[in-house]
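Here the structure is laid out as structure tokens; the discussion comes afterwards.
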Protein chains: 4
Amino acid sequence: MKILNDPIYGFITVPHPTVLRLIDHPWFQRLRYIKQLGLSHLVYPGALHTRFHHALGAMHLMGEAIATLRGKGHAISDEEALGAHIAILLHDIGHGPFSHALEHSLVGGIGHEDVSALVMDALNDRFDGALNVGLDIFRDRRDHAAGMTHVLHQLVSSQLDVDRIDYLNRDSFYTGVSEGVIGGERILKMLEVRENRLVVEEKAIYSIEKFLVARRLMYWQVYLHKTVVACEMMLVETLRRAKDLAMNGTAVFASPALQRFLSERHDRASFNDPAVLADFLRLDDHDIMGAVKVWAAHSDKALSTLASDLVERRNLHVRLQDTPWDGEQVTALRERVAKALNISMAEAAHFVITGSVVNNAYDPSKDRIELLYKDGSLRDIAAASDNLGIAALSTPVQKHYLAWPRWLGK
Amino acid sequence: MKILNDPIYGFITVPHPTVLRLIDHPWFQRLRYIKQLGLSHLVYPGALHTRFHHALGAMHLMGEAIATLRGKGHAISDEEALGAHIAILLHDIGHGPFSHALEHSLVGGIGHEDVSALVMDALNDRFDGALNVGLDIFRDRRDHAAGMTHVLHQLVSSQLDVDRIDYLNRDSFYTGVSEGVIGGERILKMLEVRENRLVVEEKAIYSIEKFLVARRLMYWQVYLHKTVVACEMMLVETLRRAKDLAMNGTAVFASPALQRFLSERHDRASFNDPAVLADFLRLDDHDIMGAVKVWAAHSDKALSTLASDLVERRNLHVRLQDTPWDGEQVTALRERVAKALNISMAEAAHFVITGSVVNNAYDPSKDRIELLYKDGSLRDIAAASDNLGIAALSTPVQKHYLAWPRWLGK
Amino acid sequence: MKILNDPIYGFITVPHPTVLRLIDHPWFQRLRYIKQLGLSHLVYPGALHTRFHHALGAMHLMGEAIATLRGKGHAISDEEALGAHIAILLHDIGHGPFSHALEHSLVGGIGHEDVSALVMDALNDRFDGALNVGLDIFRDRRDHAAGMTHVLHQLVSSQLDVDRIDYLNRDSFYTGVSEGVIGGERILKMLEVRENRLVVEEKAIYSIEKFLVARRLMYWQVYLHKTVVACEMMLVETLRRAKDLAMNGTAVFASPALQRFLSERHDRASFNDPAVLADFLRLDDHDIMGAVKVWAAHSDKALSTLASDLVERRNLHVRLQDTPWDGEQVTALRERVAKALNISMAEAAHFVITGSVVNNAYDPSKDRIELLYKDGSLRDIAAASDNLGIAALSTPVQKHYLAWPRWLGK
Amino acid sequence: MKILNDPIYGFITVPHPTVLRLIDHPWFQRLRYIKQLGLSHLVYPGALHTRFHHALGAMHLMGEAIATLRGKGHAISDEEALGAHIAILLHDIGHGPFSHALEHSLVGGIGHEDVSALVMDALNDRFDGALNVGLDIFRDRRDHAAGMTHVLHQLVSSQLDVDRIDYLNRDSFYTGVSEGVIGGERILKMLEVRENRLVVEEKAIYSIEKFLVARRLMYWQVYLHKTVVACEMMLVETLRRAKDLAMNGTAVFASPALQRFLSERHDRASFNDPAVLADFLRLDDHDIMGAVKVWAAHSDKALSTLASDLVERRNLHVRLQDTPWDGEQVTALRERVAKALNISMAEAAHFVITGSVVNNAYDPSKDRIELLYKDGSLRDIAAASDNLGIAALSTPVQKHYLAWPRWLGK
């Protein structure tokens, strides 16, 4: 069996030849060149890990979780186990580079979940149906009589899935934000199954509290860090400006695959064209950042300013507050930008950005995290904890930002 | 300068010859033989670290904190810095072995703080007053005009002191309860001083939340773990029984120093006798556990049963609930013990134990943890956090336990 | 299944009820109070880990090794696997406290291997033969036709056994000597079996080189550190002096179990008396250090000086050289001691100590470490490595020390 | 002062505004997009760290080293300390993407050291001479009377410099090859100065042995791993083929900066043209891998095969031996490739590659690593060590490889 080094778990064993063939497929290999945290490395220089490594790490944890459940007497067939490994391996296969930014600029109306669905089906065709069970688990098709499909689905996607456990640990490891480290191994060892649902033993209560607090911390300290969000906004606006120019016939440098998405409008329907899907699956971080770098010398003032600010890491000023920002304040800033660069107000809108970010660490309206007591009863973690904070973590927190170029001054 | 290895910080540098002389003093060396977490190693086999290593670790963090404050322009004289190192080094010097257990059995009416005070003064005499500044910092004697005494005192003893930061990290490291790991280094780098008080920069907010949550988790998972508490209770009852026997003239094996505390009644006043203090400072884990082991073969049935249960780690059964336990239930259990061992009800009381444990992770009625905002304003962490949980952590949580011998059955 | 926390591996799972019963046995529980590295904590304050934790850790690695071999198609029956776990769990069961020091003072003519053999047989009786397979593996009884007995024995005891892998990692972890960390997990994954012998895949060559170098480094930096050796010598001499006094009728404080070994001569034959063995198995660190501490106030000048030097950590001066020390130099130092303490030359001999330490990291005359090449051939690691140093590591290195009290001056 | 997160050291503090300005300069920022280990991530998926982070890490260690030397009484002025930080920060500034591969394909006759020299001078101009002291240290201009220039130069570049200490630790951390971890902190604490040279205290001997062994291990296990070397060769051949085509007028996709180096011949002289240097400093990993990916669909069979093999990670078969490979064997393989792809023998030469790699862990002919004994004498590490292996590490080891496409079969 193939063994891969992993700085976090030591070694990751590839459990089956089909899994190895999937990993070797170009569509999976491309995840090597898509950073898990996009532009976060501009704030946390170590955050260069990729969706490739995350997918492998989550797959490793899936193996641990299955071993625990089997050890507690729950029957999981080899076919189901292989399916679960496949499902988690492919859970992010539809992500493009800087996924969130692209969805807000080049490709509208289609999210990475939709692309993932298309890719999984296409792969299953190429693999002659070998991914069937994996796709059933991924899509939670519960018609498998009495099987573990739903439980395995919850390991792939729920509020306590191996996806989250891996990415919290991995993102924390690579950013160096040690507060995000969680006792994932301990949580996995506490997994149980009741009423065909994944639950955790009572004694895991503090570990899960810590997990939720760590998740919230990682959101505010990394994923929604104001500079990270601002950098992403800069990329969105850069891509929008480039697309505006390309759609209007101005030449902008791009790889052939990227060129397609700059010069044509695309939506969910157009991805049914295999050539479009294929080109999308050719995109990775190189296409985007390679083009942005060239654009820094473009003759269009707006594009070149946006691009060079990003490439040379002249971050935006960002302010956060609990309420939306005043429209007049935004307009005033845009007027200053328009004047400074001698561009139109429409163009200036690329430089002064407002919006909001929101996070809730635990959403009891979704599938809940339930504790299993020794007497066999189940309780929601938020109800069980004597830490009122867990209940508090269920409340979404929203923050509104206003960002403008650093060179504009305060 | 002397350098010591530390598995947590890598190296600890002894910053001054006076500090080295203090470390070499027999009263400090004895801390090598007093485990930081008493009997917790019966649950967490790695928890064998000593008060000696903790004191050195906290001293190391004091150096880091002082370097940070100096780097931010706060004047701390070399004399004050040395004093702060001395104060933290000696903060636990009065602890005896299994400190809490001894205070509930052999020595009544005098706590480790009182003993520490006596020891510090005695040491200061022997060091010809070289510890004066250190003692002023420890005792928060603020008459030093405009100095940093109070701030340094807060580093020694407050809700965000280096004592807590070291013991949380150290206890977490040695127990293997990874959820207790905190970003102590990050918190120390965020320290500031305002209005002659220690505060933290606003951006440390999530790290402090994590610190409070980790502290709470360590309480319930380690310090107040029901088996750990039960083992401590077993030790208390064993020592009480041995003292009862010794006071009544029955021979019980003990080192000379321990013999004094078994066969005489002691209180705060008696510690003014230098011979009593000296004997107390001869006690360490060896005296207690060495004697308990011999008692396992004592002719007194109650003592030998208590001692052998502890030595051979036959833990008590423990149940926790939110309200006090019913007196009749306790009596019924004691009757079963009395019958099983053929001992009196008074003796049986040693085997069936009830009481309560309480924890609150953050106590806003004490010196509060304050955040310093960029505009210079200060806010209490509980008020500043959008995590209602911090406010929740301010509420004490109490649990009542009932424990009885495992051999008694359920 | 019972799960234990371990700071190094995260969790250790107890694989079988029989193993749990063994762990719970008082003879195994006593290993909780016997430090793995004896007095090394006087140099490395973190080195407080016990033989109890090491035995559990090695057992954990045994499970990993067996899983690897089974994964490569080697049939190991459940009975053999249980036996291998038992064999490694008990491999050090005969160790007394400060094992090496005791063998050179209180108990002559019987080593910890002999005691282990006695204890294993006694345990097997109490367990009604449930340890039979484990003892066969431990003793390498190869008459099991075609079984894996010898291979499993090599995992328990050879130049690449799980004992060494655990103790190198564990000692390195707790001392904080990070250079001793080895890639144990990687080595275990490379294990193979050929010709009924344990071998390692070729690609492990660099990991094994690192393992041998780390082992050598730990020897000189920790196990044979001159201060550590000197402290052990101080303990030997203290015990010898106490025994001399006790044999001559002078009262010396001791627990009843220790008293037996102080006041009577014991050898291999006397351990056949169950009462002697039982008392030996009552000894742990508490008995020894608890007594030494009391001896620091003994009326015998030699004993009290030896004991108080050790308790208050007044280490000896130690010098190392490649050749034996000159007898006249030794005599001169002893004369100075005799004069300083007003004691006889015979008594002074306890204070001026000479001897030698020796280490070779790899001994090709024992069972060798063999690499398995892709073509199926086997080569000794020393021959295979292009690092001449491996060959060099095969040569024993001897150093001679001379030690005398610090208070004597240079 | 600006603080950056680092997964390895926790935090890196930027020590001076000039250093911050340097870090913010586009020529330094570009190092964010140049992986330290090039294509090694194809074997070790975690190895995505960049020259940017390495340069910052080495700068952090420089600060530690200077603090140690100052603590031992060696006068290092603030100006010298700043210079040393600048020198190490810029030591790799001339590296292009996949540096070694580019030097063997696109840019001949000019190495990264030469480019570094040009860049440093250009930067110094832009910084109005603020880098003067730093450049003197980098270039070891010892005419500074009695200063520490040479010692600081050795910290930048010698067999025990902070460059090596950081990259060994960092590469080991990110690849997950734990055997490469070294006790860098311990070594730095043992640094001393004698006769105006950097030496290490005697007691560091085992740490340095471990450092040399770890370095050798990282060479064979990572830097010269046969698959890593093969991937690099694939990139060299891909770039050579693309350049051949471009020089002959065939269109090949490339960013404008890369286009210059594909379609023109460049050598040391041409870099004196500021436009050429500027374009070179626009290249990063995006330009190279972004172009290679597009080339996978090029109409030239040789180019598209080379590029797609690399992009889709169809590694070469590689064999190693101690002697050069037989020319006839090479020719035979090329013939099979020519036939399989229907290309010329000249083109087929891109697919069958032979050459050699060489490593010696310690080169005593360069500046040696010297141990400082307590009597003040100095000895070379190879002579001082009783480990013959250190002497052995001084002997270069050479291996010859032969590589061909996996699709060709064995």
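Going through the structure tokens in order, the chains are called A, B, and so on, while each chain numbers its residues from 1 and the ligands are numbered from 1 in the order shown.
The list of residues with at least one atom within 8 Å of Asp322 (chain D), based on only C-alpha atoms and without residues fewer than 2 positions apart in the same chain, reads Leu320, Pro324, Gln398, Lys399 and His400 of chain D.
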Output file for the selection above: all heavy atoms, as a CSV table (one decimal), in the first residue's frame:
chain,number,residue,atom,x,y,z
D,320,LEU,N,19.4,4.0,-9.5
D,320,LEU,CA,20.7,4.6,-9.0
D,320,LEU,C,21.7,3.5,-9.0
D,320,LEU,O,21.5,2.4,-8.7
D,320,LEU,CB,20.5,5.1,-7.6
D,320,LEU,CG,19.6,6.3,-7.3
D,320,LEU,CD1,19.5,6.6,-5.9
D,320,LEU,CD2,20.1,7.5,-8.1
D,324,PRO,N,28.9,5.3,-13.5
D,324,PRO,CA,28.1,5.9,-14.6
D,324,PRO,C,27.4,4.8,-15.3
D,324,PRO,O,27.8,3.6,-15.4
D,324,PRO,CB,29.2,6.5,-15.4
D,324,PRO,CG,30.3,6.8,-14.5
D,324,PRO,CD,30.3,5.7,-13.5
D,398,GLN,N,28.8,9.9,-4.2
D,398,GLN,CA,28.2,10.2,-5.5
D,398,GLN,C,27.3,9.0,-6.0
D,398,GLN,O,27.7,7.9,-5.8
D,398,GLN,CB,29.3,10.5,-6.5
D,398,GLN,CG,28.8,11.0,-7.9
D,398,GLN,CD,29.9,11.4,-8.8
D,398,GLN,OE1,31.0,10.8,-8.7
D,398,GLN,NE2,29.7,12.3,-9.7
D,399,LYS,N,26.2,9.3,-6.6
D,399,LYS,CA,25.4,8.3,-7.2
D,399,LYS,C,25.0,8.7,-8.6
D,399,LYS,O,24.7,9.9,-8.8
D,399,LYS,CB,24.1,8.1,-6.3
D,399,LYS,CG,24.5,7.6,-4.9
D,399,LYS,CD,23.2,7.2,-4.1
D,399,LYS,CE,23.7,6.9,-2.6
D,399,LYS,NZ,22.5,6.5,-1.8
D,400,HIS,N,24.9,7.7,-9.5
D,400,HIS,CA,24.6,8.0,-10.9
D,400,HIS,C,23.2,7.5,-11.1
D,400,HIS,O,22.8,6.4,-10.7
D,400,HIS,CB,25.6,7.3,-11.8
D,400,HIS,CG,27.0,7.8,-11.6
D,400,HIS,ND1,27.5,8.7,-12.4
D,400,HIS,CD2,27.9,7.4,-10.7
D,400,HIS,CE1,28.8,9.0,-12.0
D,400,HIS,NE2,29.0,8.2,-11.0
Neighbours of chain A in chain D at 9 Å, counting only C-alpha atoms, as number ranges by chain | D: 4-11, 24-27, 29-30, 32, 41-50, 52-53, 172-178, 253-257, 282, 284-291, 293-294, 311-314
Can you spit out the residues from that selection as a compact mmCIF listing (two decimals), in the first residue's frame, using C-alpha atoms?
# COMPACT_ATOMS: atom_id res chain seq x y z
CA LEU D 4 4.58 37.33 12.05
CA ASN D 5 3.23 33.89 12.85
CA ASP D 6 5.54 31.01 12.16
CA PRO D 7 4.51 27.40 12.66
CA ILE D 8 8.04 26.52 13.68
CA TYR D 9 9.19 29.30 15.99
CA GLY D 10 5.77 30.57 17.04
CA PHE D 11 6.45 34.20 16.27
CA ASP D 24 7.68 44.92 1.78
CA HIS D 25 9.73 45.46 -1.36
CA PRO D 26 8.29 43.69 -4.43
CA TRP D 27 11.58 41.88 -5.06
CA GLN D 29 7.55 39.78 -1.76
CA ARG D 30 8.04 37.70 -4.91
CA ARG D 32 6.28 34.33 -1.45
CA HIS D 41 5.99 18.50 -3.01
CA LEU D 42 5.25 15.90 -5.67
CA VAL D 43 6.82 13.40 -3.29
CA TYR D 44 6.19 15.15 0.04
CA PRO D 45 2.83 16.91 -0.35
CA GLY D 46 3.44 19.21 2.60
CA ALA D 47 6.62 20.71 1.15
CA LEU D 48 5.02 23.92 -0.09
CA HIS D 49 6.92 26.39 2.05
CA THR D 50 8.56 29.30 0.28
CA PHE D 52 9.96 34.02 1.77
CA HIS D 53 9.24 32.10 4.95
CA SER D 172 11.92 18.57 7.87
CA PHE D 173 8.81 20.15 9.38
CA TYR D 174 6.98 20.60 6.09
CA THR D 175 7.98 17.33 4.46
CA GLY D 176 7.09 15.44 7.63
CA VAL D 177 10.49 13.70 7.55
CA SER D 178 10.92 13.91 11.29
CA PHE D 253 2.49 30.19 -24.41
CA ALA D 254 4.27 32.22 -21.73
CA SER D 255 3.89 35.27 -19.57
CA PRO D 256 5.72 38.29 -21.05
CA ALA D 257 8.59 37.90 -18.59
CA ARG D 282 9.04 39.03 -12.27
CA ASP D 284 7.92 33.00 -9.98
CA ASP D 285 6.42 29.51 -9.76
CA HIS D 286 3.22 30.75 -11.43
CA ASP D 287 4.98 31.64 -14.68
CA ILE D 288 6.70 28.29 -14.97
CA MET D 289 4.00 25.86 -13.92
CA GLY D 290 1.28 27.98 -15.52
CA ALA D 291 3.09 27.72 -18.86
CA LYS D 293 0.30 23.27 -17.99
CA VAL D 294 -0.64 25.03 -21.22
CA VAL D 311 1.55 18.09 -14.83
CA GLU D 312 -0.25 14.82 -14.34
CA ARG D 313 2.65 13.50 -12.27
CA ARG D 314 3.59 10.51 -14.36
Return as a count of residues only the full set of residues in region 47-88 of chain B whose backbone-based DSSP assignment is helix (DSSP H, G or I).
-> 32
Counting only C-alpha atoms, give me one row per residue of region 12-120 of chain C with an atom at most 12 Å from an atom of region 127-139 of chain C, showing the shortest contact pair and its distance in Å to one decimal, sorted by chain then residue number, as CSV.
residue,atom,partner,partner_atom,distance
C:Pro17,CA,C:Ala130,CA,11.3
C:Thr18,CA,C:Ala130,CA,7.9
C:Val19,CA,C:Leu131,CA,9.8
C:Arg21,CA,C:Phe127,CA,9.2
C:Leu22,CA,C:Phe127,CA,8.8
C:His25,CA,C:Phe127,CA,10.6
C:Ser77,CA,C:Val133,CA,11.2
C:Asp78,CA,C:Val133,CA,10.9
C:Glu79,CA,C:Val133,CA,7.4
C:Glu80,CA,C:Val133,CA,6.7
C:Ala81,CA,C:Gly134,CA,8.9
C:Leu82,CA,C:Gly134,CA,7.3
C:Gly83,CA,C:Gly134,CA,3.7
C:Ala84,CA,C:Gly134,CA,5.7
C:His85,CA,C:Gly134,CA,7.5
C:Ile86,CA,C:Gly134,CA,5.4
C:Ala87,CA,C:Gly134,CA,4.8
C:Ile88,CA,C:Phe138,CA,7.6
C:Leu89,CA,C:Gly134,CA,9.6
C:Leu90,CA,C:Phe138,CA,8.9
C:His91,CA,C:Phe138,CA,7.6
C:Asp92,CA,C:Phe138,CA,11.1
C:Glu113,CA,C:Arg139,CA,11.2
C:Ser116,CA,C:Phe138,CA,10.7
C:Ala117,CA,C:Leu135,CA,9.1
C:Leu118,CA,C:Leu135,CA,11.5
C:Val119,CA,C:Leu135,CA,11.2
C:Met120,CA,C:Leu135,CA,7.5
Keeping only N, CA, C and O atoms, write the selected residues as an mmCIF file, in the first residue's frame.
data_model
loop_
_atom_site.group_PDB
_atom_site.id
_atom_site.type_symbol
_atom_site.label_atom_id
_atom_site.label_comp_id
_atom_site.auth_asym_id
_atom_site.auth_seq_id
_atom_site.Cartn_x
_atom_site.Cartn_y
_atom_site.Cartn_z
ATOM 1 N N PRO C 17 -8.730 -8.086 27.934
ATOM 2 C CA PRO C 17 -8.997 -8.108 29.373
ATOM 3 C C PRO C 17 -7.860 -8.680 30.202
ATOM 4 O O PRO C 17 -7.595 -8.209 31.315
ATOM 5 N N THR C 18 -7.166 -9.679 29.663
ATOM 6 C CA THR C 18 -6.053 -10.246 30.422
ATOM 7 C C THR C 18 -4.956 -9.208 30.632
ATOM 8 O O THR C 18 -4.346 -9.130 31.702
ATOM 9 N N VAL C 19 -4.727 -8.415 29.606
ATOM 10 C CA VAL C 19 -3.725 -7.348 29.733
ATOM 11 C C VAL C 19 -4.160 -6.357 30.799
ATOM 12 O O VAL C 19 -3.352 -5.906 31.625
ATOM 13 N N ARG C 21 -6.025 -6.940 33.389
ATOM 14 C CA ARG C 21 -5.838 -7.558 34.707
ATOM 15 C C ARG C 21 -4.370 -7.520 35.128
ATOM 16 O O ARG C 21 -4.055 -7.299 36.305
ATOM 17 N N LEU C 22 -3.482 -7.740 34.159
ATOM 18 C CA LEU C 22 -2.050 -7.666 34.470
ATOM 19 C C LEU C 22 -1.660 -6.263 34.926
ATOM 20 O O LEU C 22 -0.910 -6.089 35.886
ATOM 21 N N HIS C 25 -2.551 -5.522 38.406
ATOM 22 C CA HIS C 25 -1.919 -6.306 39.466
ATOM 23 C C HIS C 25 -0.932 -5.430 40.262
ATOM 24 O O HIS C 25 -0.194 -4.647 39.686
ATOM 25 N N SER C 77 -1.293 -15.083 14.882
ATOM 26 C CA SER C 77 -2.583 -15.443 15.475
ATOM 27 C C SER C 77 -2.925 -14.475 16.608
ATOM 28 O O SER C 77 -2.048 -13.776 17.132
ATOM 29 N N ASP C 78 -4.201 -14.411 16.966
ATOM 30 C CA ASP C 78 -4.608 -13.551 18.074
ATOM 31 C C ASP C 78 -3.900 -13.958 19.358
ATOM 32 O O ASP C 78 -3.549 -13.110 20.187
ATOM 33 N N GLU C 79 -3.684 -15.266 19.508
ATOM 34 C CA GLU C 79 -3.013 -15.748 20.712
ATOM 35 C C GLU C 79 -1.561 -15.263 20.752
ATOM 36 O O GLU C 79 -1.059 -14.835 21.786
ATOM 37 N N GLU C 80 -0.912 -15.323 19.587
ATOM 38 C CA GLU C 80 0.469 -14.822 19.526
ATOM 39 C C GLU C 80 0.514 -13.318 19.781
ATOM 40 O O GLU C 80 1.408 -12.803 20.464
ATOM 41 N N ALA C 81 -0.449 -12.608 19.212
ATOM 42 C CA ALA C 81 -0.473 -11.161 19.394
ATOM 43 C C ALA C 81 -0.648 -10.807 20.868
ATOM 44 O O ALA C 81 0.065 -9.951 21.412
ATOM 45 N N LEU C 82 -1.584 -11.513 21.529
ATOM 46 C CA LEU C 82 -1.775 -11.273 22.959
ATOM 47 C C LEU C 82 -0.500 -11.610 23.716
ATOM 48 O O LEU C 82 -0.052 -10.846 24.592
ATOM 49 N N GLY C 83 0.115 -12.713 23.357
ATOM 50 C CA GLY C 83 1.356 -13.108 24.014
ATOM 51 C C GLY C 83 2.437 -12.052 23.855
ATOM 52 O O GLY C 83 3.161 -11.736 24.812
ATOM 53 N N ALA C 84 2.551 -11.484 22.657
ATOM 54 C CA ALA C 84 3.575 -10.462 22.417
ATOM 55 C C ALA C 84 3.296 -9.226 23.270
ATOM 56 O O ALA C 84 4.223 -8.602 23.807
ATOM 57 N N HIS C 85 2.007 -8.857 23.387
ATOM 58 C CA HIS C 85 1.674 -7.713 24.244
ATOM 59 C C HIS C 85 2.053 -8.003 25.697
ATOM 60 O O HIS C 85 2.586 -7.137 26.395
ATOM 61 N N ILE C 86 1.771 -9.212 26.149
ATOM 62 C CA ILE C 86 2.101 -9.578 27.533
ATOM 63 C C ILE C 86 3.618 -9.576 27.739
ATOM 64 O O ILE C 86 4.127 -9.055 28.733
ATOM 65 N N ALA C 87 4.338 -10.137 26.767
ATOM 66 C CA ALA C 87 5.796 -10.242 26.900
ATOM 67 C C ALA C 87 6.428 -8.866 27.036
ATOM 68 O O ALA C 87 7.291 -8.634 27.893
ATOM 69 N N ILE C 88 6.003 -7.917 26.203
ATOM 70 C CA ILE C 88 6.629 -6.595 26.285
ATOM 71 C C ILE C 88 6.157 -5.856 27.527
ATOM 72 O O ILE C 88 6.916 -5.112 28.160
ATOM 73 N N LEU C 89 4.916 -6.072 27.920
ATOM 74 C CA LEU C 89 4.403 -5.402 29.118
ATOM 75 C C LEU C 89 5.216 -5.797 30.346
ATOM 76 O O LEU C 89 5.459 -4.996 31.239
ATOM 77 N N LEU C 90 5.640 -7.053 30.387
ATOM 78 C CA LEU C 90 6.326 -7.574 31.566
ATOM 79 C C LEU C 90 7.843 -7.549 31.447
ATOM 80 O O LEU C 90 8.543 -7.998 32.369
ATOM 81 N N HIS C 91 8.361 -7.007 30.338
ATOM 82 C CA HIS C 91 9.801 -7.181 30.109
ATOM 83 C C HIS C 91 10.650 -6.559 31.209
ATOM 84 O O HIS C 91 11.779 -6.987 31.423
ATOM 85 N N ASP C 92 10.144 -5.572 31.913
ATOM 86 C CA ASP C 92 10.932 -4.914 32.961
ATOM 87 C C ASP C 92 10.340 -5.141 34.342
ATOM 88 O O ASP C 92 10.668 -4.411 35.284
ATOM 89 N N GLU C 113 16.938 -9.162 35.439
ATOM 90 C CA GLU C 113 16.438 -10.199 34.537
ATOM 91 C C GLU C 113 16.031 -11.440 35.340
ATOM 92 O O GLU C 113 15.013 -12.066 35.059
ATOM 93 N N SER C 116 12.857 -10.704 37.106
ATOM 94 C CA SER C 116 11.758 -10.736 36.136
ATOM 95 C C SER C 116 11.314 -12.173 35.888
ATOM 96 O O SER C 116 10.114 -12.453 35.839
ATOM 97 N N ALA C 117 12.272 -13.046 35.726
ATOM 98 C CA ALA C 117 11.933 -14.445 35.456
ATOM 99 C C ALA C 117 11.111 -15.025 36.599
ATOM 100 O O ALA C 117 10.084 -15.692 36.383
ATOM 101 N N LEU C 118 11.538 -14.761 37.830
ATOM 102 C CA LEU C 118 10.797 -15.253 38.996
ATOM 103 C C LEU C 118 9.385 -14.679 39.024
ATOM 104 O O LEU C 118 8.400 -15.379 39.276
ATOM 105 N N VAL C 119 9.281 -13.358 38.747
ATOM 106 C CA VAL C 119 7.979 -12.697 38.833
ATOM 107 C C VAL C 119 7.056 -13.214 37.742
ATOM 108 O O VAL C 119 5.871 -13.483 37.978
ATOM 109 N N MET C 120 7.588 -13.373 36.544
ATOM 110 C CA MET C 120 6.742 -13.852 35.453
ATOM 111 C C MET C 120 6.162 -15.225 35.776
ATOM 112 O O MET C 120 4.978 -15.461 35.572
#
Can you list every residue in region 178-286 of chain A that DSSP puts in strand (DSSP E), as a list in words?
-> Leu191, Glu192, Val193, Arg194, Arg197, Leu198, Val199, Val200 and Glu201 of chain A
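Using only C-alpha atoms, the residues found no farther than 10 Å from Met247 (chain C), other than those of its own chain fewer than 3 positions away, are Arg241, Ala242, Lys243, Asp244, Thr250, Ala251, Phe261, Leu262, Ser263, Glu264 and Arg265 of chain C.
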Extract, using only C-alpha atoms, all DNA, RNA and protein residues at most 12 Å from Ala332 (chain D), discarding same-chain residues fewer than 5 positions from it, and format them as a PyMOL selection string.
-> chain D and resi 326-327+337-339+345+348-349+352+404+408
Tell me which protein, DNA and RNA residues are within 7 Å of region 57-73 of chain A, counting only C-alpha atoms, leaving out same-chain ones fewer than 5 positions away, and put them as an MDAnalysis selection string.
-> chainID A and resid 12 85 88:89 162:163 166 188:189 191:192
Which residue out of B:Asp171, B:Thr238, B:Ala75, B:Ala278 has the minimum interatomic distance to Leu217 (chain B) when only C-alpha atoms are used?
-> B:Asp171
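Taking CA of Asp363 (chain C) as the reference point, CA of Arg197 (chain C) is found at 17.1 Å.
Shell of Pro405 (chain C) at 10 Å, with only C-alpha atoms counted and residues fewer than 5 places along the chain excluded, is Ala230, Met234, Leu306, Asp309, Arg314, Asn315, Leu316, His317, Val318, Leu333, Val337, Phe351, Val352, Ile353 and Lys410 of chain C.
The spacing separating CA of Ser40 (chain D) from CA of Val222 (chain D) amounts to 7.3 Å.
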Quick one: everything within 6 Å of Trp295 (chain A), counting only C-alpha atoms, minus sequence neighbours fewer than 2 positions away in the same chain. Send it as number ranges by chain.
-> A: 292-293, 297-298, 304, 307
Written selection (C-alpha atoms) as an mmCIF file, in the first residue's frame:
data_model
loop_
_atom_site.group_PDB
_atom_site.id
_atom_site.type_symbol
_atom_site.label_atom_id
_atom_site.label_comp_id
_atom_site.auth_asym_id
_atom_site.auth_seq_id
_atom_site.Cartn_x
_atom_site.Cartn_y
_atom_site.Cartn_z
ATOM 1 C CA VAL A 292 -2.869 39.091 -12.100
ATOM 2 C CA LYS A 293 0.874 39.634 -12.066
ATOM 3 C CA ALA A 297 1.460 46.373 -16.179
ATOM 4 C CA HIS A 298 -1.807 46.682 -18.131
ATOM 5 C CA SER A 304 -3.118 47.785 -13.272
ATOM 6 C CA ALA A 307 -3.417 44.081 -9.744
#
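Taking CA of Lys366 (chain C) and CA of Arg216 (chain D) as the two end points, the separation is 27.3 Å.
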